[in-house]
$ cat protein.tsv   # TSV, C-alpha atoms
chain	number	residue	atom	x	y	z
M	1	MET	CA	21.84	-10.86	-21.90
M	2	ILE	CA	20.39	-8.64	-19.20
M	3	SER	CA	21.61	-5.05	-19.22
M	4	VAL	CA	20.85	-3.48	-15.86
M	5	ALA	CA	21.28	0.07	-17.19
M	6	ALA	CA	18.82	-0.57	-20.01
M	7	LEU	CA	16.42	-2.25	-17.62
M	8	VAL	CA	16.30	0.73	-15.27
M	9	GLN	CA	15.96	3.14	-18.16
M	10	LYS	CA	13.09	1.14	-19.64
M	11	GLN	CA	11.10	0.28	-16.54
M	12	GLY	CA	12.20	2.79	-13.92
M	13	LEU	CA	12.34	1.92	-10.26
M	14	PRO	CA	8.91	2.41	-8.79
M	15	GLY	CA	8.45	2.33	-5.02
M	16	ASN	CA	5.41	2.83	-2.86
M	17	LEU	CA	3.40	5.56	-4.60
M	18	PHE	CA	0.99	5.90	-1.67
M	19	ALA	CA	3.53	5.96	1.18
M	20	SER	CA	1.80	8.40	3.51
M	21	ASP	CA	4.94	10.45	4.22
M	22	THR	CA	5.37	11.41	0.60
M	23	TYR	CA	1.84	11.07	-0.77
M	24	ILE	CA	0.15	13.54	1.56
M	25	GLN	CA	1.64	16.97	1.73
M	26	GLY	CA	0.31	20.08	3.30
M	27	ASP	CA	0.71	23.70	4.06
M	28	MET	CA	0.08	24.28	7.75
M	29	GLU	CA	-0.20	28.03	7.37
M	30	LEU	CA	-2.85	27.87	4.68
M	31	GLY	CA	-4.54	24.82	6.19
M	32	LEU	CA	-4.35	22.95	2.88
M	33	ILE	CA	-3.55	19.33	2.18
M	34	GLU	CA	-2.78	17.92	-1.21
M	35	ASN	CA	-1.31	14.77	-2.68
M	36	ARG	CA	2.10	14.45	-4.29
M	37	HIS	CA	0.66	15.38	-7.69
M	38	GLY	CA	-0.70	18.64	-6.33
M	39	SER	CA	-4.36	17.59	-6.26
M	40	ARG	CA	-6.26	19.01	-3.32
M	41	LEU	CA	-7.40	16.57	-0.63
M	42	LEU	CA	-10.27	17.05	1.77
M	43	ALA	CA	-10.21	15.75	5.33
M	44	LEU	CA	-13.69	15.08	6.66
M	45	PRO	CA	-14.07	15.14	10.44
M	46	ASP	CA	-15.90	12.22	12.08
M	47	THR	CA	-18.37	14.62	13.63
M	48	LEU	CA	-19.45	15.88	10.22
M	49	LEU	CA	-19.83	12.36	8.83
M	50	ARG	CA	-21.88	11.22	11.82
M	51	ALA	CA	-24.04	14.31	11.48
M	52	VAL	CA	-24.63	13.60	7.77
M	53	HIS	CA	-25.69	10.03	8.58
M	54	LYS	CA	-28.01	11.09	11.40
M	55	SER	CA	-29.55	13.97	9.46
M	56	LEU	CA	-30.23	11.77	6.46
M	57	GLU	CA	-31.85	9.12	8.60
M	58	HIS	CA	-33.95	11.79	10.22
M	59	GLU	CA	-34.95	13.37	6.90
M	60	VAL	CA	-35.58	10.39	4.64
M	61	GLY	CA	-35.74	7.40	7.03
M	62	PRO	CA	-34.95	4.03	5.44
M	63	ALA	CA	-34.20	5.69	2.08
M	64	ALA	CA	-31.00	7.07	3.68
M	65	ALA	CA	-29.30	3.77	2.83
M	66	GLN	CA	-29.99	4.25	-0.88
M	67	VAL	CA	-28.89	7.88	-0.80
M	68	LEU	CA	-25.63	6.98	0.92
M	69	ARG	CA	-25.01	4.10	-1.50
M	70	GLU	CA	-25.51	6.48	-4.43
M	71	CYS	CA	-23.14	9.00	-2.88
M	72	GLY	CA	-20.59	6.21	-2.45
M	73	GLY	CA	-21.11	5.27	-6.09
M	74	ILE	CA	-20.32	8.78	-7.34
M	75	TRP	CA	-17.35	8.94	-4.99
M	76	GLY	CA	-16.16	5.53	-6.21
M	77	LYS	CA	-16.25	6.57	-9.87
M	78	ASN	CA	-14.19	9.68	-9.16
M	79	PHE	CA	-11.86	7.71	-6.92
M	80	TYR	CA	-11.29	5.17	-9.70
M	81	ARG	CA	-10.47	7.95	-12.16
M	82	ARG	CA	-7.94	9.52	-9.83
M	83	PHE	CA	-6.45	6.19	-8.76
M	84	SER	CA	-6.15	5.05	-12.36
M	85	THR	CA	-4.45	8.26	-13.51
M	86	GLU	CA	-2.03	8.44	-10.61
M	87	VAL	CA	-1.04	4.77	-10.69
M	88	SER	CA	-0.69	4.76	-14.50
M	89	ASP	CA	1.47	7.89	-14.44
M	90	TYR	CA	3.66	6.48	-11.71
M	91	TYR	CA	4.22	3.05	-13.21
M	92	GLY	CA	4.24	4.29	-16.79
M	93	LYS	CA	1.59	1.77	-17.85
M	94	SER	CA	-2.18	1.45	-17.70
M	95	LEU	CA	-4.01	-0.34	-14.88
M	96	ALA	CA	-4.69	-3.27	-17.22
M	97	GLU	CA	-0.96	-3.70	-17.81
M	98	LEU	CA	-0.05	-3.83	-14.11
M	99	THR	CA	0.62	-7.19	-12.54
M	100	MET	CA	-2.07	-8.38	-10.14
M	101	GLY	CA	0.42	-7.85	-7.30
M	102	GLU	CA	1.12	-4.24	-8.25
M	103	LEU	CA	-2.56	-3.46	-8.63
M	104	ILE	CA	-3.69	-5.00	-5.33
M	105	GLN	CA	-0.74	-3.54	-3.49
M	106	SER	CA	-1.40	-0.06	-4.85
M	107	LEU	CA	-5.08	-0.26	-3.92
M	108	GLN	CA	-4.29	-1.46	-0.39
M	109	GLU	CA	-1.71	1.26	0.18
M	110	CYS	CA	-4.00	3.91	-1.27
M	111	TRP	CA	-6.92	2.79	0.92
M	112	LYS	CA	-4.68	2.88	3.99
M	113	THR	CA	-3.17	6.29	3.23
M	114	TYR	CA	-6.60	7.82	2.63
M	115	GLY	CA	-7.46	6.66	6.15
M	116	TRP	CA	-10.22	4.30	5.00
M	117	GLY	CA	-8.84	1.15	6.70
M	118	LEU	CA	-6.82	-1.95	5.86
M	119	LEU	CA	-8.24	-3.54	2.75
M	120	ASP	CA	-7.77	-7.16	1.78
M	121	LEU	CA	-9.12	-9.00	-1.26
M	122	ASP	CA	-10.25	-12.62	-1.04
M	123	VAL	CA	-10.24	-14.03	-4.57
M	124	ASN	CA	-11.08	-17.62	-3.53
M	125	TYR	CA	-14.57	-17.26	-4.97
M	126	SER	CA	-13.54	-15.70	-8.27
M	127	GLN	CA	-14.31	-18.91	-10.19
M	128	GLN	CA	-17.91	-18.62	-8.99
M	129	GLY	CA	-18.03	-14.96	-9.99
M	130	PHE	CA	-17.74	-13.36	-6.55
M	131	LEU	CA	-15.10	-11.13	-5.04
M	132	VAL	CA	-14.88	-10.69	-1.27
M	133	VAL	CA	-13.43	-7.47	0.10
M	134	LYS	CA	-12.49	-7.33	3.78
M	135	ILE	CA	-11.66	-4.06	5.49
M	136	LYS	CA	-10.29	-3.70	9.01
M	137	ASN	CA	-10.51	-0.45	10.98
M	138	SER	CA	-12.93	0.92	8.43
M	139	ALA	CA	-13.37	4.67	8.64
M	140	PHE	CA	-16.92	4.19	7.40
M	141	ALA	CA	-17.86	1.73	10.16
M	142	ALA	CA	-16.46	4.18	12.70
M	143	ASN	CA	-19.22	6.59	11.73
M	144	GLU	CA	-22.02	4.12	12.21
M	145	THR	CA	-24.09	4.26	15.36
M	146	PRO	CA	-23.26	1.07	17.30
M	147	GLY	CA	-26.10	-1.39	17.11
M	148	ASN	CA	-27.63	0.36	14.13
M	149	PRO	CA	-28.02	-2.31	11.46
M	150	SER	CA	-27.93	0.20	8.60
M	151	GLY	CA	-24.42	-0.84	7.47
M	152	CYS	CA	-21.67	1.03	5.66
M	153	TRP	CA	-23.61	2.13	2.60
M	154	VAL	CA	-21.11	4.69	1.38
M	155	GLU	CA	-18.37	2.07	1.49
M	156	ALA	CA	-20.59	-0.45	-0.34
M	157	GLY	CA	-21.34	2.12	-3.06
M	158	LEU	CA	-17.69	3.10	-3.32
M	159	LEU	CA	-16.56	-0.51	-3.74
M	160	SER	CA	-19.34	-1.28	-6.25
M	161	ALA	CA	-18.40	1.68	-8.42
M	162	PHE	CA	-14.65	1.14	-8.16
M	163	PHE	CA	-14.71	-2.54	-9.08
M	164	SER	CA	-17.36	-1.97	-11.77
M	165	GLN	CA	-15.07	0.54	-13.44
M	166	LEU	CA	-12.08	-1.73	-13.00
M	167	SER	CA	-13.76	-4.85	-14.41
M	168	GLY	CA	-15.91	-3.11	-17.01
M	169	ARG	CA	-19.00	-4.94	-15.65
M	170	ASN	CA	-21.79	-3.69	-13.47
M	171	LEU	CA	-21.04	-5.07	-9.99
M	172	TYR	CA	-22.99	-4.72	-6.78
M	173	ALA	CA	-21.59	-4.96	-3.25
M	174	VAL	CA	-23.50	-6.52	-0.37
M	175	GLN	CA	-22.12	-6.03	3.12
M	176	THR	CA	-22.06	-9.28	5.06
M	177	ALA	CA	-20.26	-8.19	8.24
M	178	CYS	CA	-19.79	-4.82	9.91
M	179	GLU	CA	-17.33	-3.67	12.53
M	180	SER	CA	-20.01	-1.46	14.04
M	181	MET	CA	-21.88	-4.70	14.81
M	182	GLN	CA	-18.85	-6.13	16.66
M	183	ALA	CA	-17.59	-8.08	13.63
M	184	GLU	CA	-13.82	-8.44	13.37
M	185	GLU	CA	-13.84	-6.65	10.00
M	186	ASN	CA	-16.17	-5.28	7.37
M	187	CYS	CA	-16.93	-7.86	4.67
M	188	PHE	CA	-18.44	-7.18	1.28
M	189	VAL	CA	-19.37	-9.63	-1.46
M	190	LEU	CA	-19.24	-8.25	-4.97
M	191	GLY	CA	-20.87	-9.83	-7.97
M	192	ILE	CA	-23.34	-9.09	-10.74
M	193	PRO	CA	-26.49	-7.60	-9.12
M	194	GLU	CA	-28.94	-10.39	-10.00
M	195	ARG	CA	-26.70	-13.01	-8.36
M	196	VAL	CA	-25.54	-11.15	-5.30
M	197	LYS	CA	-28.59	-9.11	-4.26
M	198	VAL	CA	-30.31	-12.26	-3.00
M	199	ALA	CA	-27.82	-12.23	-0.11
M	200	GLU	CA	-29.46	-9.08	1.25
M	201	ALA	CA	-32.53	-11.11	2.17
M	202	TRP	CA	-30.42	-13.73	3.96
M	203	LEU	CA	-28.71	-11.02	5.96
M	204	GLY	CA	-32.15	-9.91	7.08
M	205	GLU	CA	-32.45	-13.41	8.59
M	206	ALA	CA	-29.23	-12.70	10.56
M	207	HIS	CA	-26.94	-15.11	8.70
M	208	ASP	CA	-23.21	-14.51	9.10
M	209	HIS	CA	-20.67	-13.89	6.32
M	210	GLN	CA	-19.59	-17.52	5.99
M	211	THR	CA	-23.16	-18.82	5.78
M	212	VAL	CA	-24.02	-16.22	3.15
M	213	MET	CA	-20.97	-17.24	1.10
M	214	THR	CA	-21.83	-20.94	1.38
M	215	ARG	CA	-25.37	-20.27	0.20
M	216	LEU	CA	-24.19	-18.01	-2.65
M	217	ILE	CA	-21.75	-20.67	-3.84
M	218	ALA	CA	-24.37	-23.42	-3.52
M	219	GLY	CA	-26.79	-21.29	-5.56
M	220	SER	CA	-24.11	-20.66	-8.15
M	221	ALA	CA	-23.36	-24.42	-8.42
M	222	ASP	CA	-27.07	-25.17	-8.92
M	223	GLY	CA	-27.23	-22.61	-11.69
M	224	LEU	CA	-29.84	-20.68	-9.74
M	225	PRO	CA	-29.68	-16.96	-9.25
M	226	GLY	CA	-27.56	-16.42	-6.16
K	1	MET	CA	15.75	11.93	11.44
K	2	TYR	CA	18.69	12.03	13.82
K	3	THR	CA	16.48	12.53	16.81
K	4	GLU	CA	19.37	12.69	19.29
K	5	PHE	CA	21.02	15.28	17.06
K	6	GLU	CA	17.90	17.42	17.05
K	7	ALA	CA	17.38	16.90	20.78
K	8	THR	CA	20.87	18.25	21.49
K	9	LEU	CA	20.18	21.39	19.49
K	10	ARG	CA	16.77	21.91	21.09
K	11	ALA	CA	18.24	21.43	24.55
K	12	ALA	CA	20.69	24.21	23.76
K	13	GLU	CA	18.03	26.87	23.29
K	14	ASP	CA	18.53	28.16	26.84
K	15	HIS	CA	22.31	27.68	27.09
K	16	TYR	CA	25.46	27.37	24.98
K	17	LEU	CA	26.43	23.78	24.19
K	18	GLN	CA	28.60	22.29	26.91
K	19	PRO	CA	31.85	20.44	25.99
K	20	GLN	CA	30.13	17.03	26.28
K	21	GLU	CA	27.25	18.18	24.08
K	22	LYS	CA	29.67	19.65	21.54
K	23	GLU	CA	31.53	16.35	21.46
K	24	PHE	CA	28.27	14.51	20.77
K	25	PHE	CA	27.38	17.06	18.09
K	26	LEU	CA	30.75	16.47	16.36
K	27	GLN	CA	30.23	12.71	16.50
K	28	GLN	CA	26.88	13.11	14.77
K	29	LEU	CA	28.43	15.32	12.09
K	30	ALA	CA	31.11	12.67	11.51
K	31	ALA	CA	28.39	10.02	11.21
K	32	LEU	CA	26.64	12.20	8.62
K	33	ASP	CA	29.89	12.46	6.68
K	34	LEU	CA	30.39	8.72	6.75
K	35	GLY	CA	26.77	8.16	5.77
K	36	LEU	CA	27.09	10.48	2.78
K	37	ALA	CA	30.32	8.84	1.65
K	38	THR	CA	28.65	5.39	1.87
K	39	TYR	CA	25.62	6.69	0.00
K	40	GLU	CA	27.78	8.11	-2.79
K	41	LYS	CA	29.71	4.87	-3.11
K	42	LEU	CA	26.48	2.90	-3.48
K	43	GLN	CA	25.19	5.43	-5.99
K	44	GLU	CA	28.35	5.18	-8.12
K	45	GLN	CA	28.60	1.41	-7.96
K	46	GLU	CA	24.90	0.50	-8.23
K	47	GLU	CA	24.97	-0.46	-11.89
K	48	GLU	CA	28.16	-2.46	-11.54
K	49	ILE	CA	26.89	-4.35	-8.47
K	50	PHE	CA	23.65	-5.41	-10.09
K	51	GLN	CA	25.19	-6.13	-13.49
K	52	GLY	CA	27.58	-8.49	-11.69
K	53	ILE	CA	24.68	-10.26	-9.94
K	54	ALA	CA	22.75	-10.46	-13.23
K	55	ASN	CA	25.73	-11.95	-15.07
K	56	CYS	CA	26.26	-14.63	-12.41
K	57	LEU	CA	22.59	-15.63	-12.19
K	58	GLN	CA	22.02	-15.63	-15.92
K	59	GLU	CA	24.41	-18.54	-16.23
K	60	VAL	CA	22.32	-20.71	-13.95
K	61	ILE	CA	18.69	-19.78	-14.61
K	62	PRO	CA	16.46	-21.20	-17.35
K	63	LEU	CA	15.91	-18.85	-20.29
K	64	ASP	CA	12.18	-18.51	-19.60
K	65	GLN	CA	12.98	-17.10	-16.15
K	66	THR	CA	14.83	-14.04	-17.49
K	67	GLN	CA	11.89	-11.73	-16.97
K	68	ALA	CA	11.37	-12.96	-13.41
K	69	LEU	CA	15.05	-12.32	-12.72
K	70	GLU	CA	14.78	-8.82	-14.20
K	71	GLN	CA	11.88	-8.05	-11.86
K	72	ALA	CA	13.82	-9.36	-8.86
K	73	LEU	CA	16.86	-7.25	-9.85
K	74	LEU	CA	14.70	-4.12	-10.14
K	75	ARG	CA	13.07	-4.86	-6.80
K	76	TRP	CA	16.43	-5.18	-5.04
K	77	MET	CA	17.81	-2.06	-6.71
K	78	SER	CA	14.83	-0.29	-5.26
K	79	VAL	CA	15.49	-1.89	-1.87
K	80	LEU	CA	19.11	-0.73	-1.88
K	81	ARG	CA	18.15	2.81	-2.83
K	82	TYR	CA	15.59	3.05	-0.03
K	83	ALA	CA	17.99	1.43	2.47
K	84	ALA	CA	20.69	3.92	1.49
K	85	MET	CA	18.30	6.83	1.95
K	86	ALA	CA	17.09	5.44	5.30
K	87	MET	CA	20.73	5.19	6.38
K	88	LEU	CA	21.32	8.80	5.38
K	89	LEU	CA	18.24	9.89	7.31
K	90	ASN	CA	19.04	7.44	10.10
K	91	SER	CA	15.37	6.52	10.07
K	92	SER	CA	14.03	3.00	10.15
K	93	VAL	CA	10.53	4.52	10.16
K	94	TYR	CA	11.24	5.90	6.67
K	95	LEU	CA	12.11	2.42	5.48
K	96	GLU	CA	9.08	0.91	7.18
K	97	ARG	CA	6.61	3.33	5.64
K	98	GLN	CA	8.14	3.65	2.23
K	99	LEU	CA	9.06	0.11	1.47
K	100	LEU	CA	8.73	-2.75	3.92
K	101	ALA	CA	4.99	-3.50	3.87
K	102	TRP	CA	4.82	-2.71	0.18
K	103	LEU	CA	7.76	-4.91	-0.72
K	104	ALA	CA	6.68	-7.86	1.45
K	105	ASN	CA	3.25	-7.99	-0.13
K	106	THR	CA	4.48	-7.46	-3.69
K	107	ALA	CA	6.97	-10.30	-3.32
K	108	GLN	CA	4.30	-12.57	-1.81
K	109	ILE	CA	2.00	-12.14	-4.76
K	110	ASP	CA	4.65	-12.03	-7.43
K	111	PRO	CA	5.78	-15.47	-8.63
K	112	SER	CA	9.22	-14.08	-9.37
K	113	GLN	CA	9.93	-14.12	-5.64
K	114	SER	CA	11.95	-17.29	-6.08
K	115	TRP	CA	14.85	-15.22	-7.47
K	116	ASP	CA	14.71	-12.70	-4.65
K	117	GLN	CA	16.80	-14.90	-2.38
K	118	GLN	CA	19.58	-15.31	-4.96
K	119	VAL	CA	19.65	-11.60	-5.79
K	120	SER	CA	19.65	-10.69	-2.09
K	121	ASP	CA	22.55	-13.11	-1.39
K	122	GLY	CA	24.50	-11.69	-4.34
K	123	LEU	CA	23.86	-8.16	-3.12
K	124	LEU	CA	25.09	-8.88	0.40
K	125	ARG	CA	28.26	-10.48	-1.02
K	126	ALA	CA	28.88	-7.48	-3.28
K	127	LEU	CA	28.31	-5.01	-0.43
K	128	SER	CA	30.75	-6.83	1.85
K	129	LYS	CA	33.43	-6.48	-0.86
K	130	LEU	CA	32.60	-2.87	-1.74
K	131	LEU	CA	32.14	-1.22	1.65
K	132	THR	CA	34.56	-0.79	4.52
K	133	GLN	CA	33.72	-2.41	7.85
K	134	GLU	CA	32.62	0.95	9.22
K	135	GLN	CA	30.35	1.62	6.25
K	136	GLN	CA	28.88	-1.86	6.46
K	137	SER	CA	28.01	-1.35	10.14
K	138	LEU	CA	26.22	1.86	9.22
K	139	LEU	CA	24.15	0.25	6.45
K	140	HIS	CA	23.63	-3.11	8.16
K	141	PRO	CA	20.69	-2.15	10.47
K	142	PHE	CA	18.67	-1.17	7.39
K	143	CYS	CA	19.76	-3.93	5.00
K	144	SER	CA	19.28	-6.67	7.60
K	145	ARG	CA	15.55	-5.87	7.75
K	146	LEU	CA	15.16	-6.47	4.05
K	147	LYS	CA	15.88	-10.17	3.73
K	148	PRO	CA	13.29	-12.04	1.68
K	149	ASP	CA	11.03	-14.34	3.74

$ encode --input "protein.tsv" --output "structure tokens"
Amino acid sequence: MISVAALVQKQGLPGNLFASDTYIQGDMELGLIENRHGSRLLALPDTLLRAVHKSLEHEVGPAAAQVLRECGGIWGKNFYRRFSTEVSDYYGKSLAELTMGELIQSLQECWKTYGWGLLDLDVNYSQQGFLVVKIKNSAFAANETPGNPSGCWVEAGLLSAFFSQLSGRNLYAVQTACESMQAEENCFVLGIPERVKVAEAWLGEAHDHQTVMTRLIAGSADGLPG
Amino acid sequence: MYTEFEATLRAAEDHYLQPQEKEFFLQQLAALDLGLATYEKLQEQEEEIFQGIANCLQEVIPLDQTQALEQALLRWMSVLRYAAMAMLLNSSVYLERQLLAWLANTAQIDPSQSWDQQVSDGLLRALSKLLTQEQQSLLHPFCSRLKPD
């Protein structure tokens, strides 16, 4: 027999934790923004981000990609920690205990509220060991110089670290499409490094996202790396 | 939040409210009163409404679907609370940001969505019995946007 009163008492009535109206709060006079738990947030202006990209490229050349990926990785680990704590506190259960729907929904809403874009997960390749993440209106692509094939390295590092922490396995993200290169959305393929890194070479040959996925899946069916 | 209400007050910064403006102001106050009364009624009757829906549906669903029904009941309790608050604020934007996108996607992924329709139907029936015609008209614009797909 269902008791509605007991049900509400036991599970609570969670809503949208990351609804922007309630999640982001600020004090105009002090110029501070914080989230609903009182943690300070930092808004980075586009100009600063573009300047960081350009300066790095100027200072270290091609190694800028690796530096930015590492920065994204550190950011991703911290982001996972905060996301995990906030979501667990709100729902009253750990990330592992959330339904897939609750977890994906929370991540999408969080990504959107942080101003990073509209994130979508494509789990059609999960049987083959790959996860595809698609992001529209990516804040990271907006900071790329149009026509510069460097890609969204911070975003790739962030996704690698976040999903590595979430899955408990070391995952690597390869970007297969970029909005700064006139693609409809940013696409990333995540998988274990030895299987997914091979795609970086194919991208150098100017293959598109779908071709890369087809080749990755074919490689996975043959039992070959990638 | 009551943008016309605010606009009237802002417009009055360089003059006293004219009779027509005062009339409009009083109408808005009356609407707030009605909104609060509707909100309180929903608050008081929430448990009874959903217990009634649960009792009816429990008779017809398979035993292994109890958990799915519980999730659907919780989801629609949440929907009603947000709709009631949106009504009080007179803000469909509040509902949009707080709930709509979130709810649509959660229901899409969640296999328990099959009970959403039955709970939603039961809720609409209960509301039509509980609320006066005037109160229903006030809540309707918000509830009508929350039908399951």

$ closest_residue --input "protein.tsv" --among "M:Gly76, M:Gly26, M:Gly92, M:Pro45" --to "Gly12 of chain M" --atoms "all atoms listed in the file"
M:Gly92

$ interface_residues --input "protein.tsv" --of "chain M" --to "chain K" --cutoff "8 Å" --atoms "only C-alpha atoms" --output "VMD selection string"
chain M and resid 1 to 5 7 to 8 13 to 16 19 to 21 100 to 102 105 109

$ residues_around --input "protein.tsv" --residues "Ala142 of chain M" --least-positions-apart "6" --cutoff "12 Å" --atoms "only C-alpha atoms" --output "list in words"
Pro45, Asp46, Thr47, Leu49, Arg50, His53, Gly115, Trp116, Gly117, Ile135, Lys136, Asn148, Gly151, Cys152, Glu155, Cys178, Glu179, Ser180, Met181, Gln182, Glu185 and Asn186 of chain M

$ residues_near_point --input "protein.tsv" --point "(-3.9, 18.4, 0.8)" --cutoff "12 Å" --atoms "all atoms listed in the file" --output "VMD selection string"
chain M and resid 20 22 to 28 30 to 44 114

$ atom_distance --input "protein.tsv" --atom1 "atom CA of Ala84 of chain K" --atom2 "atom CA of Tyr39 of chain K"
5.8 Å

$ residues_around --input "protein.tsv" --residues "Asp122 of chain M" --least-positions-apart "3" --cutoff "9 Å" --atoms "only C-alpha atoms" --output "MDAnalysis selection string"
chainID M and resid 125:126 131:134

$ axis_aligned_box --input "protein.tsv" --around "segment 42-49 of chain M" --padding-each-side "4 Å" --output "lines of an AutoDock Vina configuration file"
center_x = -15.0
center_y = 14.6
center_z = 7.7
size_x = 17.6
size_y = 12.8
size_z = 19.9

$ atom_distance --input "protein.tsv" --atom1 "atom CA of Phe140 of chain M" --atom2 "atom CA of Arg195 of chain M"
25.3 Å

$ atom_distance --input "protein.tsv" --atom1 "atom CA of Leu121 of chain M" --atom2 "atom CA of Gln11 of chain M"
27.0 Å

$ residues_around --input "protein.tsv" --residues "Trp202 of chain M" --least-positions-apart "5" --cutoff "10 Å" --atoms "only C-alpha atoms" --output "count of residues only"
7

$ closest_residue --input "protein.tsv" --among "M:Ile192, M:Cys71, M:Cys110, M:Val198" --to "Leu171 of chain M" --atoms "all atoms listed in the file"
M:Ile192

$ decode --input "protein.tsv" --residues "segment 126-148 of chain K" --atoms "C-alpha atoms" --output "mmCIF file, in the first residue's frame"
data_model
loop_
_atom_site.group_PDB
_atom_site.id
_atom_site.type_symbol
_atom_site.label_atom_id
_atom_site.label_comp_id
_atom_site.auth_asym_id
_atom_site.auth_seq_id
_atom_site.Cartn_x
_atom_site.Cartn_y
_atom_site.Cartn_z
ATOM 1 C CA ALA K 126 -9.100 15.915 -8.466
ATOM 2 C CA LEU K 127 -8.347 19.586 -9.149
ATOM 3 C CA SER K 128 -11.635 20.089 -10.986
ATOM 4 C CA LYS K 129 -13.469 18.774 -7.902
ATOM 5 C CA LEU K 130 -11.380 20.684 -5.370
ATOM 6 C CA LEU K 131 -11.085 24.150 -6.906
ATOM 7 C CA THR K 132 -13.756 26.678 -7.782
ATOM 8 C CA GLN K 133 -14.146 27.698 -11.416
ATOM 9 C CA GLU K 134 -12.323 30.943 -10.713
ATOM 10 C CA GLN K 135 -9.415 29.159 -9.031
ATOM 11 C CA GLN K 136 -9.213 26.635 -11.854
ATOM 12 C CA SER K 137 -8.963 29.433 -14.434
ATOM 13 C CA LEU K 138 -6.095 30.930 -12.466
ATOM 14 C CA LEU K 139 -4.155 27.656 -12.256
ATOM 15 C CA HIS K 140 -5.083 26.349 -15.706
ATOM 16 C CA PRO K 141 -2.506 28.310 -17.805
ATOM 17 C CA PHE K 142 0.283 26.705 -15.775
ATOM 18 C CA CYS K 143 -1.141 23.195 -15.388
ATOM 19 C CA SER K 144 -2.090 22.946 -19.066
ATOM 20 C CA ARG K 145 1.591 23.229 -20.034
ATOM 21 C CA LEU K 146 2.489 20.227 -17.948
ATOM 22 C CA LYS K 147 0.701 17.414 -19.732
ATOM 23 C CA PRO K 148 2.902 14.391 -20.370
#
